[in-house]
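Engineer: The structure is given below, and queries will be raised subsequently.
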Amino acid sequence: MLVLVTYDVSTTTPGGTKRLRRVAKNCENYGQRVQNSVFECIVDATQLKILKLQLEEIINKKTDSLRFYNLGNNHKSKVEHIGAKEAYDMEGPLIL
């Protein structure tokens, strides 16, 4: 299933900057960055649960926020891309 992960991490403190990097690095393990604080992740239910738990451990719930948009398995008809950073099929064959 395709899950869109968005986050807003307060970077007014050095700890916030560190949290921001950790959230991004963690999301990179599950998907591709499509905008600064937005990742598209192809995951199964177990991977999604693990990702959520990992991110919840990183953020400060008083100053930061996470959003998860579950676009499901039939996501290709739900996502439209216009502009820079051309999208690629994460489920397609990998050609090197």
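If you're wondering about the labels, chains in the structure tokens are A, B, ... by order shown, residues count from 1 in each chain, ligands from 1 in order shown.
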Excluding Thr12 (chain A) and its own-chain neighbours fewer than 6 positions away, which residues fall within 12 Å of it when counting only C-alpha atoms? Please give them as number ranges by chain.
Structural biologist: A: 18-20, 63-64
Engineer: Next, write the just-selected residues to a file, as a CSV table (one decimal), in the first residue's frame, keeping all heavy atoms as the atom set.
Structural biologist:
```csv
chain,number,residue,atom,x,y,z
A,18,LYS,N,18.3,17.9,15.1
A,18,LYS,CA,18.7,16.5,15.2
A,18,LYS,C,17.4,15.6,14.9
A,18,LYS,O,17.5,14.6,14.2
A,18,LYS,CB,19.3,16.2,16.5
A,18,LYS,CG,19.8,14.8,16.7
A,18,LYS,CD,20.5,14.6,18.0
A,18,LYS,CE,20.9,13.1,18.2
A,18,LYS,NZ,21.5,12.9,19.5
A,19,ARG,N,16.3,16.0,15.6
A,19,ARG,CA,15.1,15.2,15.4
A,19,ARG,C,14.6,15.2,13.9
A,19,ARG,O,14.2,14.2,13.3
A,19,ARG,CB,13.9,15.7,16.2
A,19,ARG,CG,14.0,15.4,17.7
A,19,ARG,CD,12.7,15.6,18.4
A,19,ARG,NE,12.1,16.9,18.2
A,19,ARG,CZ,12.4,18.1,18.7
A,19,ARG,NH1,13.4,18.1,19.6
A,19,ARG,NH2,11.7,19.2,18.4
A,20,LEU,N,14.7,16.4,13.3
A,20,LEU,CA,14.4,16.5,11.9
A,20,LEU,C,15.2,15.6,11.0
A,20,LEU,O,14.6,14.9,10.1
A,20,LEU,CB,14.6,18.0,11.4
A,20,LEU,CG,14.2,18.3,10.0
A,20,LEU,CD1,12.8,18.0,9.7
A,20,LEU,CD2,14.6,19.7,9.6
A,63,THR,N,5.8,19.8,20.2
A,63,THR,CA,6.2,20.8,19.2
A,63,THR,C,6.2,20.3,17.8
A,63,THR,O,6.2,21.1,16.9
A,63,THR,CB,7.6,21.3,19.6
A,63,THR,OG1,8.5,20.2,19.5
A,63,THR,CG2,7.6,22.0,20.9
A,64,ASP,N,6.2,19.0,17.6
A,64,ASP,CA,6.3,18.4,16.2
A,64,ASP,C,5.0,17.7,15.9
A,64,ASP,O,4.2,17.4,16.7
A,64,ASP,CB,7.4,17.3,16.2
A,64,ASP,CG,8.7,17.9,16.7
A,64,ASP,OD1,9.0,19.1,16.7
A,64,ASP,OD2,9.6,17.1,17.2
```
Engineer: Looking at A:Ala84, A:Arg67, A:Arg22, A:Ile59, which one is nearest to Ser10 (chain A), with distances taken over only C-alpha atoms?
Structural biologist: A:Ile59
Engineer: At a cut-off of 12 Å, using only C-alpha atoms, what residues contact Arg21 (chain A)? Leave out same-chain residues fewer than 3 positions from it and give the result as a PyMOL selection string.
Structural biologist: chain A and resi 7-11+14-18+24-28+36-37+55+58-59
Engineer: Residues at most 6 Å from Glu40 (chain A), counting only C-alpha atoms, excluding those fewer than 3 positions away in the same chain, as a PyMOL selection string?
Structural biologist: chain A and resi 3-4+31-32
Engineer: Closest to Glu56 (chain A) among A:Val43, A:Phe68, A:Tyr30, A:Leu2, using only C-alpha atoms?
Structural biologist: A:Phe68
Engineer: Nearest to Leu48 (chain A) among A:Asn29, A:Ser65, A:Asn60, A:Gln35, with distances taken over only C-alpha atoms: which residue is it?
Structural biologist: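 Result for the nearest residue to Leu48 (chain A): A:Asn29.
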Engineer: Just give me the gap between CA of Gly72 (chain A) and CA of Gln54 (chain A) in Å, one decimal is fine.
Structural biologist: 21.0 Å
Engineer: I need the residues in region 20-66 of chain A that are alpha helix (DSSP H) according to DSSP; give them as a PyMOL selection string.
Structural biologist: chain A and resi 20-28+45-58
Engineer: Just the number, please: distance in Å from CA of Val79 (chain A) to CA of Lys49 (chain A), one decimal.
Structural biologist: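 Interatomic distance, CA of Val79 (chain A) to CA of Lys49 (chain A): 22.7 Å.
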Engineer: When distances are computed from only C-alpha atoms, which of A:Gly83, A:Val23, A:Asn73, A:Lys62 shows the smallest separation from Asp44 (chain A)?
Structural biologist: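 Selected residue with least distance to Asp44 (chain A): A:Asn73.
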Engineer: At what distance in Å, to one decimal, does CA of Leu53 (chain A) lie from CA of Val34 (chain A)?
Structural biologist: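 It comes out at 21.9 Å.
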Engineer: Could you pull out the strand (DSSP E) residues of region 2-73 of chain A from DSSP and send them as a ChimeraX atom specification?
Structural biologist: /A:2-8,31-35,38-42,65-72
